[in-house]
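The block underneath contains the structure these notes are about, expressed in C-alpha cells.
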Amino acid sequence: MTPQPTDPDGAVVLDGVRKTYGRTEAVAGVTLTVARGEFFGLLGPNGAGKTTLVEIMEGQRKADAGSVTVLGHHPWPRDTALLPRIGVQTQSSAFFVRLTAREHLTTVAALYRVGSEAAEKALALVGLTDHGDVRVDDLSGGQRQRLAIASALVHEPELIFLDEPTAALDPQARRDLWKVLRDLKGAGRTIVYTTHHLDEAEALCDRVAILVGGAVRALDSPGRLIAASSGTTRLLVPADRLTPEQGAALPGVLRATADGDMTVLETEDSGPVLAAVDAQGGLHGVQTRTPSLEDVYLALTGEASPAPAPAES
Ligand SMILES: Nc1ncnc2c1ncn2[C@@H]1O[C@H](COP(=O)(O)OP(=O)(O)OP(=O)(O)O)[C@@H](O)[C@H]1O
C-alpha cells in the first residue's frame with residue numbers, strides 16, 4: 001500500500017522502519033503516523049511484527065533502519081525526558097508481588113515522582129479500589145491485568161501503549177475497561193493499542209493498521225476499511241424453512257451453505273433477498289450479519305484471528 005504522509009507533529013511518526021532478527025524480517029519498512037489524541041490499533045496475526053514495532057516506539061529496541069519520533073523525541077538511545085511522558089503496559093508486566101495492589105501502585109508512583117493520591121486515582125480508574133489491600137500475588141489474572149494498566153497510567157502519561165490489555169478479562173470487566181479507555185481518549189491521551197479482539201478494535205479505535213509479515217497491509221478507520229471491502233452480508237435462515245439449494249436459487253444470492261441448523265445466504269444486496277425469504281416462509285428467526293472488521297482482517301491476512309485467551313477475573 002502507499003505509505004501515508006508523515007505528520008511531524010504526530011505523537012508517533014515512523015518512516016521506513018525496519019528490524020531484522022537473523023534472517024527474520026520482523027518489521028519490513030513501516031511508515032505511519034499516530035496523531036496526537038488518536039486511539040490507534042495495531043492488528044495482525046502472531047508473528048506479524050506488532051510487538052517489535054511497539055518495542056521500537058517505546059525505545060526498548062533499536063530499529064535497523066528508518067526514523068522513529070515519539071512526542072517529538074527519538075526514543076533510541078533512551079531519552080529520559082521522554083520516559084515520564086509515556087506509559088507502557090505489556091503482556092508480562094513486572095510487579096512487586098509481595099506488596100498489596102495499593103502499595104505496588106504507590107511504589108510505581110514514587111518512581112515517577114508523583115504522589116500516592118495518583119496511585120489511589122489509578123486504582124479507582126481500573127476498578128480496583130476494593131482490592132487495594134490484596135497482595136499482588138493473591139489477585140486473579142484479570143485483576144493483575146488491571147493493575148498492569150493502572151501502573152501504566154499512574155503518572156498520567158500523554159502517550160499510552162497497551163498490549164492486549166483485555167486478554168484475561170471476563171466480558172463485564174472488558175466492557176468496564178473499554179469505558180476507562182474511552183475516558184482516557186476523551187481526556188486527550190494518545191493510545192497505541194495492540195489487540196487480537198477485532199470487535200474491540202472496531203469499537204474503540206479511530207484508525208487501525210493491519211500488519212502482515214512486518215508490513216502495513218491496510219491503514220484506515222475501521223468504518224472506512226469495512227466500507228472499502230468487498231464484504232458480503234450474510235443472512236441466516238432456519239434450515240427447516242429454506243435449504244441451501246432453495247437459497248442458492250433466490251435472485252441476488254451469491255452463495256448458500258449449511259451451518260448447523262441454519263442456511264447461510266451471502267449477498268451484496270440484502271433487500272431483495274430478504275424479500276424473497278419473507279415470501280417463502282416469513283422472516284421469523286432470520287438473522288442478518290453485515291461485514292465487520294473481522295471480515296476485512298480475514299480477507300487481508302488469509303487466516304482466522306487467533307483465539308483470545310480464556311477469560312478470568
Ligand atoms: N527477540 C527476538 N529474536 C528473534 N526473533 C524474534 C524476536 N522477537 C520476535 N522475533 C520474530 O520476529 C517476528 C515478529 O515477532 P513479533 O513478536 O514482533 O510479532 P507479533 O505480531 O507481536 O506477534 P504476537 O501476536 O504473537 O505477539 C516473528 O517471526 C518472531 O518469531
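Letters for chains follow the order of the C-alpha cells (A, B, ...), residue numbers begin at 1 for each chain, and ligand numbers begin at 1 in the order shown.
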
Write as a PDB file with N, CA and C atoms, in the first residue's frame the residues around ligand 1, taking 12 Å as the cut-off and counting only C-alpha atoms and all ligand atoms.
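Output saved as pocket_10.pdb:
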```pdb
ATOM      1  N   ARG A  18      12.614  -0.525   9.861  1.00  0.00           N
ATOM      2  CA  ARG A  18      12.927  -1.937   9.608  1.00  0.00           C
ATOM      3  C   ARG A  18      13.606  -2.562  10.814  1.00  0.00           C
ATOM      4  N   LYS A  19      13.337  -3.849  11.017  1.00  0.00           N
ATOM      5  CA  LYS A  19      14.043  -4.584  12.070  1.00  0.00           C
ATOM      6  C   LYS A  19      14.137  -6.052  11.658  1.00  0.00           C
ATOM      7  N   THR A  20      15.333  -6.568  11.679  1.00  0.00           N
ATOM      8  CA  THR A  20      15.550  -7.960  11.296  1.00  0.00           C
ATOM      9  C   THR A  20      16.189  -8.696  12.469  1.00  0.00           C
ATOM     10  N   TYR A  21      15.719  -9.910  12.741  1.00  0.00           N
ATOM     11  CA  TYR A  21      16.370 -10.793  13.708  1.00  0.00           C
ATOM     12  C   TYR A  21      16.982 -11.927  12.893  1.00  0.00           C
ATOM     13  N   GLY A  22      18.264 -11.970  12.752  1.00  0.00           N
ATOM     14  CA  GLY A  22      18.878 -13.005  11.916  1.00  0.00           C
ATOM     15  C   GLY A  22      18.286 -12.923  10.519  1.00  0.00           C
ATOM     16  N   ARG A  23      17.610 -13.998  10.120  1.00  0.00           N
ATOM     17  CA  ARG A  23      17.023 -13.998   8.769  1.00  0.00           C
ATOM     18  C   ARG A  23      15.567 -13.561   8.766  1.00  0.00           C
ATOM     19  N   THR A  24      15.022 -13.329   9.967  1.00  0.00           N
ATOM     20  CA  THR A  24      13.601 -12.954  10.046  1.00  0.00           C
ATOM     21  C   THR A  24      13.441 -11.450   9.950  1.00  0.00           C
ATOM     22  N   GLU A  25      12.699 -11.026   8.948  1.00  0.00           N
ATOM     23  CA  GLU A  25      12.427  -9.590   8.832  1.00  0.00           C
ATOM     24  C   GLU A  25      11.139  -9.315   9.612  1.00  0.00           C
ATOM     25  N   ALA A  26      11.300  -8.882  10.875  1.00  0.00           N
ATOM     26  CA  ALA A  26      10.138  -8.706  11.753  1.00  0.00           C
ATOM     27  C   ALA A  26       9.350  -7.455  11.372  1.00  0.00           C
ATOM     28  N   VAL A  27      10.058  -6.381  11.039  1.00  0.00           N
ATOM     29  CA  VAL A  27       9.406  -5.133  10.605  1.00  0.00           C
ATOM     30  C   VAL A  27      10.051  -4.749   9.277  1.00  0.00           C
ATOM     31  N   ALA A  28       9.201  -4.673   8.248  1.00  0.00           N
ATOM     32  CA  ALA A  28       9.737  -4.604   6.885  1.00  0.00           C
ATOM     33  C   ALA A  28       9.435  -3.265   6.212  1.00  0.00           C
ATOM     34  N   LEU A  42      -3.130  -1.586  16.532  1.00  0.00           N
ATOM     35  CA  LEU A  42      -2.172  -2.378  15.738  1.00  0.00           C
ATOM     36  C   LEU A  42      -2.684  -3.803  15.733  1.00  0.00           C
ATOM     37  N   LEU A  43      -3.046  -4.288  14.551  1.00  0.00           N
ATOM     38  CA  LEU A  43      -3.618  -5.629  14.432  1.00  0.00           C
ATOM     39  C   LEU A  43      -2.725  -6.476  13.540  1.00  0.00           C
ATOM     40  N   GLY A  44      -2.871  -7.769  13.663  1.00  0.00           N
ATOM     41  CA  GLY A  44      -2.117  -8.652  12.784  1.00  0.00           C
ATOM     42  C   GLY A  44      -1.956 -10.007  13.426  1.00  0.00           C
ATOM     43  N   PRO A  45      -1.741 -11.035  12.604  1.00  0.00           N
ATOM     44  CA  PRO A  45      -1.596 -12.379  13.151  1.00  0.00           C
ATOM     45  C   PRO A  45      -0.338 -12.519  13.996  1.00  0.00           C
ATOM     46  N   ASN A  46      -0.214 -13.618  14.724  1.00  0.00           N
ATOM     47  CA  ASN A  46       1.001 -13.887  15.510  1.00  0.00           C
ATOM     48  C   ASN A  46       2.208 -13.794  14.589  1.00  0.00           C
ATOM     49  N   GLY A  47       3.227 -13.108  15.085  1.00  0.00           N
ATOM     50  CA  GLY A  47       4.466 -13.005  14.316  1.00  0.00           C
ATOM     51  C   GLY A  47       4.461 -11.926  13.256  1.00  0.00           C
ATOM     52  N   ALA A  48       3.404 -11.087  13.217  1.00  0.00           N
ATOM     53  CA  ALA A  48       3.312 -10.048  12.183  1.00  0.00           C
ATOM     54  C   ALA A  48       4.267  -8.888  12.434  1.00  0.00           C
ATOM     55  N   GLY A  49       4.803  -8.798  13.647  1.00  0.00           N
ATOM     56  CA  GLY A  49       5.756  -7.722  13.942  1.00  0.00           C
ATOM     57  C   GLY A  49       5.210  -6.631  14.848  1.00  0.00           C
ATOM     58  N   LYS A  50       4.024  -6.838  15.420  1.00  0.00           N
ATOM     59  CA  LYS A  50       3.393  -5.799  16.254  1.00  0.00           C
ATOM     60  C   LYS A  50       4.248  -5.480  17.478  1.00  0.00           C
ATOM     61  N   THR A  51       4.633  -6.524  18.210  1.00  0.00           N
ATOM     62  CA  THR A  51       5.390  -6.303  19.448  1.00  0.00           C
ATOM     63  C   THR A  51       6.720  -5.621  19.146  1.00  0.00           C
ATOM     64  N   THR A  52       7.402  -6.089  18.115  1.00  0.00           N
ATOM     65  CA  THR A  52       8.685  -5.484  17.754  1.00  0.00           C
ATOM     66  C   THR A  52       8.491  -4.006  17.432  1.00  0.00           C
ATOM     67  N   LEU A  53       7.444  -3.709  16.678  1.00  0.00           N
ATOM     68  CA  LEU A  53       7.196  -2.314  16.301  1.00  0.00           C
ATOM     69  C   LEU A  53       6.905  -1.455  17.533  1.00  0.00           C
ATOM     70  N   VAL A  54       6.092  -1.992  18.449  1.00  0.00           N
ATOM     71  CA  VAL A  54       5.771  -1.240  19.665  1.00  0.00           C
ATOM     72  C   VAL A  54       7.020  -1.067  20.525  1.00  0.00           C
ATOM     73  N   GLU A  55       7.846  -2.117  20.604  1.00  0.00           N
ATOM     74  CA  GLU A  55       9.093  -2.006  21.385  1.00  0.00           C
ATOM     75  C   GLU A  55       9.997  -0.919  20.803  1.00  0.00           C
ATOM     76  N   ILE A  56      10.004  -0.797  19.489  1.00  0.00           N
ATOM     77  CA  ILE A  56      10.810   0.260  18.844  1.00  0.00           C
ATOM     78  C   ILE A  56      10.245   1.639  19.214  1.00  0.00           C
ATOM     79  N   GLN A  60      12.545   0.475  23.551  1.00  0.00           N
ATOM     80  CA  GLN A  60      13.155  -0.733  24.115  1.00  0.00           C
ATOM     81  C   GLN A  60      14.044  -1.439  23.108  1.00  0.00           C
ATOM     82  N   ARG A  61      13.851  -1.134  21.839  1.00  0.00           N
ATOM     83  CA  ARG A  61      14.614  -1.780  20.775  1.00  0.00           C
ATOM     84  C   ARG A  61      15.043  -0.737  19.757  1.00  0.00           C
ATOM     85  N   LYS A  62      16.177  -0.981  19.147  1.00  0.00           N
ATOM     86  CA  LYS A  62      16.688  -0.061  18.134  1.00  0.00           C
ATOM     87  C   LYS A  62      16.257  -0.564  16.752  1.00  0.00           C
ATOM     88  N   THR A  90       2.518  -4.160  29.333  1.00  0.00           N
ATOM     89  CA  THR A  90       2.869  -5.281  28.464  1.00  0.00           C
ATOM     90  C   THR A  90       2.143  -6.529  28.948  1.00  0.00           C
ATOM     91  N   GLN A  91       2.215  -7.567  28.137  1.00  0.00           N
ATOM     92  CA  GLN A  91       1.591  -8.849  28.482  1.00  0.00           C
ATOM     93  C   GLN A  91       2.217  -9.445  29.742  1.00  0.00           C
ATOM     94  N   SER A  92       3.507  -9.190  29.936  1.00  0.00           N
ATOM     95  CA  SER A  92       4.194  -9.787  31.086  1.00  0.00           C
ATOM     96  C   SER A  92       4.724  -8.677  31.992  1.00  0.00           C
ATOM     97  N   ASP A 163      -0.782  -3.440  25.405  1.00  0.00           N
ATOM     98  CA  ASP A 163      -0.600  -4.666  24.636  1.00  0.00           C
ATOM     99  C   ASP A 163      -1.615  -5.701  25.106  1.00  0.00           C
ATOM    100  N   GLU A 164      -2.624  -5.912  24.309  1.00  0.00           N
ATOM    101  CA  GLU A 164      -3.706  -6.861  24.637  1.00  0.00           C
ATOM    102  C   GLU A 164      -4.191  -6.697  26.074  1.00  0.00           C
ATOM    103  N   ALA A 167      -6.928  -9.173  27.434  1.00  0.00           N
ATOM    104  CA  ALA A 167      -6.759 -10.606  27.124  1.00  0.00           C
ATOM    105  C   ALA A 167      -7.302 -11.532  28.214  1.00  0.00           C
ATOM    106  N   TYR A 193      -2.675   0.684  20.684  1.00  0.00           N
ATOM    107  CA  TYR A 193      -3.374  -0.452  21.248  1.00  0.00           C
ATOM    108  C   TYR A 193      -3.177  -1.692  20.396  1.00  0.00           C
ATOM    109  N   THR A 194      -2.587  -2.713  20.987  1.00  0.00           N
ATOM    110  CA  THR A 194      -2.430  -3.975  20.258  1.00  0.00           C
ATOM    111  C   THR A 194      -3.492  -4.943  20.757  1.00  0.00           C
ATOM    112  N   THR A 195      -4.229  -5.538  19.832  1.00  0.00           N
ATOM    113  CA  THR A 195      -5.263  -6.482  20.262  1.00  0.00           C
ATOM    114  C   THR A 195      -5.527  -7.522  19.190  1.00  0.00           C
ATOM    115  N   HIS A 196      -5.970  -8.694  19.638  1.00  0.00           N
ATOM    116  CA  HIS A 196      -6.461  -9.713  18.715  1.00  0.00           C
ATOM    117  C   HIS A 196      -7.994  -9.718  18.698  1.00  0.00           C
ATOM    118  N   HIS A 197      -8.602  -8.885  19.562  1.00  0.00           N
ATOM    119  CA  HIS A 197     -10.068  -8.788  19.586  1.00  0.00           C
ATOM    120  C   HIS A 197     -10.488  -7.770  18.536  1.00  0.00           C
ATOM    121  N   ALA A 209      -4.002  -0.164  11.979  1.00  0.00           N
ATOM    122  CA  ALA A 209      -3.071  -0.648  10.963  1.00  0.00           C
ATOM    123  C   ALA A 209      -3.086  -2.163  11.056  1.00  0.00           C
ATOM    124  N   ILE A 210      -3.277  -2.823   9.929  1.00  0.00           N
ATOM    125  CA  ILE A 210      -3.220  -4.286   9.905  1.00  0.00           C
ATOM    126  C   ILE A 210      -1.857  -4.675   9.343  1.00  0.00           C
ATOM    127  N   LEU A 211      -1.058  -5.306  10.211  1.00  0.00           N
ATOM    128  CA  LEU A 211       0.301  -5.716   9.822  1.00  0.00           C
ATOM    129  C   LEU A 211       0.279  -7.164   9.367  1.00  0.00           C
ATOM    130  N   VAL A 212       0.951  -7.428   8.284  1.00  0.00           N
ATOM    131  CA  VAL A 212       1.135  -8.808   7.827  1.00  0.00           C
ATOM    132  C   VAL A 212       2.592  -8.932   7.390  1.00  0.00           C
ATOM    133  N   GLY A 213       3.300  -9.898   7.936  1.00  0.00           N
ATOM    134  CA  GLY A 213       4.699 -10.103   7.556  1.00  0.00           C
ATOM    135  C   GLY A 213       5.551  -8.869   7.759  1.00  0.00           C
ATOM    136  N   GLY A 214       5.276  -8.099   8.801  1.00  0.00           N
ATOM    137  CA  GLY A 214       6.101  -6.937   9.125  1.00  0.00           C
ATOM    138  C   GLY A 214       5.769  -5.678   8.339  1.00  0.00           C
ATOM    139  N   ALA A 215       4.796  -5.766   7.436  1.00  0.00           N
ATOM    140  CA  ALA A 215       4.445  -4.590   6.626  1.00  0.00           C
ATOM    141  C   ALA A 215       2.992  -4.191   6.871  1.00  0.00           C
ATOM    142  N   VAL A 216       2.694  -2.921   6.670  1.00  0.00           N
ATOM    143  CA  VAL A 216       1.318  -2.440   6.849  1.00  0.00           C
ATOM    144  C   VAL A 216       0.509  -2.826   5.614  1.00  0.00           C
ATOM    145  N   SER A 305      -8.448 -15.006  13.041  1.00  0.00           N
ATOM    146  CA  SER A 305      -7.795 -14.298  14.137  1.00  0.00           C
ATOM    147  C   SER A 305      -7.550 -15.292  15.260  1.00  0.00           C
ATOM    148  N   PRO A 306      -6.375 -15.189  15.929  1.00  0.00           N
ATOM    149  CA  PRO A 306      -6.092 -16.134  16.998  1.00  0.00           C
ATOM    150  C   PRO A 306      -7.151 -16.059  18.083  1.00  0.00           C
ATOM    151  N   ALA A 307      -7.456 -17.204  18.653  1.00  0.00           N
ATOM    152  CA  ALA A 307      -8.473 -17.213  19.710  1.00  0.00           C
ATOM    153  C   ALA A 307      -7.979 -16.400  20.892  1.00  0.00           C
ATOM    154  N   PRO A 308      -8.812 -15.468  21.409  1.00  0.00           N
ATOM    155  CA  PRO A 308      -8.400 -14.723  22.583  1.00  0.00           C
ATOM    156  C   PRO A 308      -8.164 -15.665  23.766  1.00  0.00           C
ATOM    157  N   ALA A 309      -7.317 -15.221  24.698  1.00  0.00           N
ATOM    158  CA  ALA A 309      -7.035 -16.026  25.883  1.00  0.00           C
ATOM    159  C   ALA A 309      -8.319 -16.236  26.667  1.00  0.00           C
TER     160      ALA A 309
END
```

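Those residues that approach Asp259 of chain A to within 10 Å, counting only C-alpha atoms, are Leu236, Val237, Pro238, Ala239, Pro244, Ala256, Met262, Thr263 and Val264 of chain A; same-chain residues fewer than 3 positions away are not listed.
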
Out of segment 54-276 of chain A, which residues get strand (DSSP E) from DSSP, as JSON, numbers by chain? {"A": [65, 66, 67, 68, 69, 70, 86, 87, 88, 89, 159, 160, 161, 162, 163, 190, 191, 192, 193, 194, 207, 208, 209, 210, 211, 212, 215, 216, 217, 218, 219, 220, 233, 234, 235, 236, 237, 238, 253, 254, 255, 256, 257, 258, 259, 262, 263, 264, 265, 266, 267]}

Using C-alpha atoms, can you export the residues from the last selection as a PDB file, in the first residue's frame?
```
ATOM      1  CA  ALA A  65      16.762   1.449   9.563  1.00  0.00           C
ATOM      2  CA  GLY A  66      14.253   4.281   9.229  1.00  0.00           C
ATOM      3  CA  SER A  67      13.362   7.080  11.593  1.00  0.00           C
ATOM      4  CA  VAL A  68      11.245   6.985  14.751  1.00  0.00           C
ATOM      5  CA  THR A  69       9.908  10.073  16.512  1.00  0.00           C
ATOM      6  CA  VAL A  70       7.784   9.860  19.666  1.00  0.00           C
ATOM      7  CA  ILE A  86       4.790   7.576  28.035  1.00  0.00           C
ATOM      8  CA  GLY A  87       3.045   4.691  29.790  1.00  0.00           C
ATOM      9  CA  VAL A  88       3.674   1.070  28.926  1.00  0.00           C
ATOM     10  CA  GLN A  89       1.561  -1.979  29.762  1.00  0.00           C
ATOM     11  CA  LEU A 159       1.009   8.525  25.213  1.00  0.00           C
ATOM     12  CA  ILE A 160      -0.045   5.061  26.387  1.00  0.00           C
ATOM     13  CA  PHE A 161       0.994   1.722  24.894  1.00  0.00           C
ATOM     14  CA  LEU A 162      -1.381  -1.113  25.737  1.00  0.00           C
ATOM     15  CA  ASP A 163      -0.600  -4.666  24.636  1.00  0.00           C
ATOM     16  CA  THR A 190      -2.958   9.122  22.712  1.00  0.00           C
ATOM     17  CA  ILE A 191      -3.332   5.359  22.838  1.00  0.00           C
ATOM     18  CA  VAL A 192      -1.455   2.750  20.811  1.00  0.00           C
ATOM     19  CA  TYR A 193      -3.374  -0.452  21.248  1.00  0.00           C
ATOM     20  CA  THR A 194      -2.430  -3.975  20.258  1.00  0.00           C
ATOM     21  CA  ARG A 207      -7.759   4.003  12.996  1.00  0.00           C
ATOM     22  CA  VAL A 208      -6.147   0.613  12.769  1.00  0.00           C
ATOM     23  CA  ALA A 209      -3.071  -0.648  10.963  1.00  0.00           C
ATOM     24  CA  ILE A 210      -3.220  -4.286   9.905  1.00  0.00           C
ATOM     25  CA  LEU A 211       0.301  -5.716   9.822  1.00  0.00           C
ATOM     26  CA  VAL A 212       1.135  -8.808   7.827  1.00  0.00           C
ATOM     27  CA  ALA A 215       4.445  -4.590   6.626  1.00  0.00           C
ATOM     28  CA  VAL A 216       1.318  -2.440   6.849  1.00  0.00           C
ATOM     29  CA  ARG A 217      -1.286  -4.139   4.692  1.00  0.00           C
ATOM     30  CA  ALA A 218      -4.103  -1.676   5.480  1.00  0.00           C
ATOM     31  CA  LEU A 219      -4.425   1.508   7.492  1.00  0.00           C
ATOM     32  CA  ASP A 220      -7.635   3.460   7.969  1.00  0.00           C
ATOM     33  CA  THR A 233     -23.819  -9.532   4.001  1.00  0.00           C
ATOM     34  CA  ARG A 234     -24.822 -12.916   5.376  1.00  0.00           C
ATOM     35  CA  LEU A 235     -28.414 -13.846   6.047  1.00  0.00           C
ATOM     36  CA  LEU A 236     -29.002 -16.777   8.362  1.00  0.00           C
ATOM     37  CA  VAL A 237     -32.313 -18.534   7.713  1.00  0.00           C
ATOM     38  CA  PRO A 238     -33.578 -21.513   9.742  1.00  0.00           C
ATOM     39  CA  VAL A 253     -27.726 -14.867  -3.576  1.00  0.00           C
ATOM     40  CA  LEU A 254     -24.012 -15.351  -4.325  1.00  0.00           C
ATOM     41  CA  ARG A 255     -23.563 -18.473  -2.222  1.00  0.00           C
ATOM     42  CA  ALA A 256     -25.728 -20.612   0.021  1.00  0.00           C
ATOM     43  CA  THR A 257     -24.255 -23.003   2.593  1.00  0.00           C
ATOM     44  CA  ALA A 258     -25.416 -25.033   5.579  1.00  0.00           C
ATOM     45  CA  ASP A 259     -24.199 -24.076   9.054  1.00  0.00           C
ATOM     46  CA  MET A 262     -29.191 -22.527   9.626  1.00  0.00           C
ATOM     47  CA  THR A 263     -28.846 -21.881   5.913  1.00  0.00           C
ATOM     48  CA  VAL A 264     -26.361 -19.067   5.264  1.00  0.00           C
ATOM     49  CA  LEU A 265     -27.025 -16.846   2.259  1.00  0.00           C
ATOM     50  CA  GLU A 266     -24.286 -14.482   1.085  1.00  0.00           C
ATOM     51  CA  THR A 267     -25.339 -11.416  -0.849  1.00  0.00           C
TER      52      THR A 267
END
```

Looking only at the backbone, which of the residues in segment 66-182 of chain A does DSSP tag as helix (DSSP H, G or I), as a PyMOL selection string? chain A and resi 83-85+101-111+116-125+129-131+136-138+141-153+171-182

Given only C-alpha atoms, how would the per-residue table for segment 15-121 of chain A near segment 127-135 of chain A read, listing every residue at most 6 Å away with its closest atom pair and distance in Å to one decimal, sorted by chain and number, as a Markdown table?
```
| residue | atom | partner | partner_atom | distance |
| --- | --- | --- | --- | --- |
| A:Leu99 | CA | A:Arg135 | CA | 5.4 |
| A:Thr100 | CA | A:Arg135 | CA | 3.8 |
| A:Ala101 | CA | A:Gly132 | CA | 4.9 |
| A:Arg102 | CA | A:Gly132 | CA | 4.6 |
```

Shell around Leu181 of chain A at 12 Å using only C-alpha atoms, local window under 6 positions removed, as a short mmCIF file (atom, residue, chain, number, x, y, z; two decimals) with N, CA and C atoms, in the first residue's frame:
```cif
data_model
loop_
_atom_site.label_atom_id
_atom_site.label_comp_id
_atom_site.auth_asym_id
_atom_site.auth_seq_id
_atom_site.Cartn_x
_atom_site.Cartn_y
_atom_site.Cartn_z
N GLU A 38 -5.10 10.39 19.24
CA GLU A 38 -5.72 9.30 18.47
C GLU A 38 -5.70 7.99 19.26
N PHE A 39 -6.73 7.18 19.04
CA PHE A 39 -6.78 5.81 19.56
C PHE A 39 -6.42 4.93 18.38
N PHE A 40 -5.19 4.41 18.40
CA PHE A 40 -4.64 3.74 17.22
C PHE A 40 -4.44 2.26 17.48
N LEU A 125 -9.53 4.14 38.80
CA LEU A 125 -9.77 4.18 37.35
C LEU A 125 -9.98 2.78 36.78
N VAL A 126 -9.25 1.81 37.30
CA VAL A 126 -9.37 0.44 36.77
C VAL A 126 -10.26 -0.43 37.66
N ARG A 146 -5.53 -5.57 35.26
CA ARG A 146 -5.99 -4.19 35.51
C ARG A 146 -4.93 -3.40 36.28
N ILE A 149 -2.41 -2.16 33.93
CA ILE A 149 -2.89 -0.98 33.21
C ILE A 149 -2.78 0.25 34.12
N ALA A 150 -3.18 0.08 35.39
CA ALA A 150 -3.08 1.20 36.33
C ALA A 150 -1.62 1.65 36.46
N LEU A 153 -0.66 3.94 33.84
CA LEU A 153 -1.40 5.21 33.80
C LEU A 153 -1.09 6.13 34.97
N ILE A 160 0.07 6.32 25.65
CA ILE A 160 -0.04 5.06 26.39
C ILE A 160 0.01 3.89 25.41
N PHE A 161 0.89 2.94 25.70
CA PHE A 161 0.99 1.72 24.89
C PHE A 161 0.34 0.58 25.67
N LEU A 162 -0.68 -0.02 25.07
CA LEU A 162 -1.38 -1.11 25.74
C LEU A 162 -1.32 -2.35 24.85
N PRO A 165 -4.62 -5.50 26.45
CA PRO A 165 -4.97 -5.27 27.85
C PRO A 165 -6.19 -6.03 28.32
N THR A 166 -7.04 -6.48 27.40
CA THR A 166 -8.26 -7.18 27.85
C THR A 166 -8.13 -8.69 27.72
N ARG A 174 -14.13 -6.50 30.67
CA ARG A 174 -13.68 -5.99 29.38
C ARG A 174 -14.44 -4.71 29.01
N ARG A 175 -15.77 -4.78 29.17
CA ARG A 175 -16.58 -3.59 28.85
C ARG A 175 -16.25 -2.45 29.80
N ALA A 187 -9.93 12.43 27.50
CA ALA A 187 -9.07 13.37 28.22
C ALA A 187 -7.86 13.78 27.37
N GLY A 188 -7.86 13.37 26.10
CA GLY A 188 -6.83 13.86 25.18
C GLY A 188 -5.60 12.99 25.08
N ARG A 189 -5.59 11.82 25.75
CA ARG A 189 -4.42 10.95 25.69
C ARG A 189 -4.36 10.25 24.33
N THR A 190 -3.15 9.92 23.93
CA THR A 190 -2.96 9.12 22.71
C THR A 190 -2.76 7.67 23.14
N ILE A 191 -3.41 6.77 22.45
CA ILE A 191 -3.33 5.36 22.84
C ILE A 191 -2.91 4.51 21.63
N VAL A 192 -1.87 3.73 21.82
CA VAL A 192 -1.46 2.75 20.81
C VAL A 192 -1.82 1.39 21.39
N TYR A 193 -2.68 0.68 20.68
CA TYR A 193 -3.37 -0.45 21.25
C TYR A 193 -3.18 -1.69 20.40
N GLU A 200 -13.24 -5.34 19.46
CA GLU A 200 -12.74 -4.29 20.34
C GLU A 200 -12.08 -3.18 19.51
N ALA A 201 -11.27 -3.58 18.54
CA ALA A 201 -10.61 -2.60 17.67
C ALA A 201 -11.67 -1.79 16.93
N ALA A 203 -14.72 -1.19 17.88
CA ALA A 203 -15.48 -0.33 18.79
C ALA A 203 -14.66 0.84 19.32
N LEU A 204 -13.35 0.65 19.48
CA LEU A 204 -12.55 1.65 20.20
C LEU A 204 -11.66 2.52 19.31
N CYS A 205 -11.11 1.93 18.26
CA CYS A 205 -10.00 2.61 17.57
C CYS A 205 -10.49 3.63 16.54
#
```

For the atom pair atom CA of Thr288 of chain A and atom CA of Ser270 of chain A, what is the interatomic distance in Å to one decimal place? 8.7 Å

Would you mind telling me which residue in A:Gly271, A:Gly260, A:Gly247, A:Gly231 lies nearest to Leu298 of chain A when using only C-alpha atoms? A:Gly231
